[in-house]
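Just below is one structure, and these are the notes that go with it.
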Amino acid sequence: MTRQSVVQNYNNYNHPQPGNTSTLTVDEKIRREVWENGIQRPKGYTVSYHANPEMEKMHFGPKHPMKPWRLTLTNKIVLAYGMHEAMDLYIPRAATSQELKDFHREDYIEFLERVTPIDNTWDPESGQYLFNTGDDCPIFDGLYRYCSLYAGASLDAARKLTNLQSDIAINWSGGLHHAKKTEASGFCYINDIVLAILQLLLHHPRVLYIDIDVHHGDGVEQAFWSTDRVMTLSFHKYNRAEFFPGTGALDDTGPLRNDSPGAHHSLNVPLHDGIEDDQYIKLFQDVVWPCVHNYQPTVIVLQCGADSLGGDRLGCFNVNIKAHGACVGFVKKFGLPMLVLGGGGYTARNVAKAWAYETSLCIGAEVHPHLPAHTPYLEHFGNEKTLFPKLDSTNRYENKNNRVYLESVVMGIKEQLRYLQGSPSVQMQHIPPDLGGLRDELEREMFDERVEREEREQSRKKKERKG
């Protein structure tokens, strides 16, 4: 028998070939992914990854759109590609009640600590559930533990940045931007972002907060409304009457009085349904660059809410994963310390792919688009076993953002930036005044200003109807 026929005969029996053998262990398969994708620790900077697996077990209820299980899918994809080899991995501790009270009111934290699903939290006097809990923010088993875990992870990530142990710190369980000082809101109970920013302010004079969730980052904006040490910048769908939370208009830019430190430091990019990839990337870059140039932050917090992706259960954009990730990549290019957080996102398979891809951008790896065959729960992704499914082709929204409108938004942001008198100079021992003893007074002032603005708007509409 010739040598060639022996080889042909061997192959005809489908013997496993080197590199394709099914007898490789999972660790060996991951090491192969690391080699094939060129994954290595970044040169010149450190990335840390903060995840507590206990978070993944929490459950809001069978009909609730928030699924902490999306974190399981995210972490499994990250692991399957071998990205963990390029990062420092931390299992953070839960935040203490005292740490949560650094922002939230004591009676609210004590309520979260003691409440159980069998408690009746309906308040007949106000006609609503205590502390705004209820359908959107249900009381479920392990609620307080859940809150303290995701807040603890964001605090841990912020501390790694301030201790110079990390340059980019990632916590996909965080980014819950709707929670207020005294109440839950929009699936959010504890505002881990505010707590993390407070930690950063102990070491950094200026923090730029950027939010790409489809919903307005109202809780963070409200917390830092009256300080110039934090600039908030939110890209979101805006419709005051029909889309939660109904805030974040272009002219919502901070206190109306120019002598207030926070004036012109709350910036909003209101969008309509259906924005697409090229528009989204250009708009983001056209807005973020002048904000960084004018404000000169020393650290950036980026909330990567994935409900701004196309096909999301609660979203209304036509943005694909690469375009969403382009925002992360652009912010990274500034070379500033970054805290990267999760947020919204209610089609779990797409959320996981987006956050895994954005993790690869943080470590500077170009991973292949096919999900590794050894990825746990691979069947959950159905026929879309790619990191980049075509999200703008299913449940597509009509694009109502034309070029003229988007250019007017950019001009509006740049107009607000003209009011900045250079980057604020601060004494590091001072905390922002809105988080000290004047907080209640400033909240009343903010409420009065918004009522006044709404009254002016109603008056204008009446005049238009009469005309």
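Please note that chains go A, B, ... in the order of the structure tokens, that every chain numbers its residues from 1, and that ligands are numbered from 1 in the order shown.
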task = Quick one: pick out all alpha helix (DSSP H) residues within region 162-295 of chain A from a backbone DSSP run and write them as a count of residues only.
result = 36
task = Counting only C-alpha atoms, figure out which residue out of A:Gly174, A:Gly329, A:Pro369, A:Gly344 gets nearest to Ile281 (chain A).
result =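 Nearest to Ile281 (chain A): A:Gly329.
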Proximity to Trp172 (chain A) - best of A:Leu202, A:Val351, A:Leu256, A:Ile190, only C-alpha atoms =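 Ranked by minimum distance to Trp172 (chain A), first place goes to A:Val351.
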request  = Enumerate the residues of region 264-376 of chain A with a DSSP assignment of strand (DSSP E), computed from the backbone, and present them as number ranges by chain.
outcome  = A: 266-271, 299-303, 338-341
query = Mind pulling up the distance from CA of Asn320 (chain A) to CA of Phe235 (chain A)?
reply =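 These atoms are spaced 15.7 Å apart.
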ask   = Taking only C-alpha atoms into account, which of A:Gly217, A:Gly345, A:Pro42, A:Gly305 comes nearest Trp69 (chain A)?
value =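 When distances to Trp69 (chain A) are compared using only C-alpha atoms, the smallest one comes from A:Gly345.
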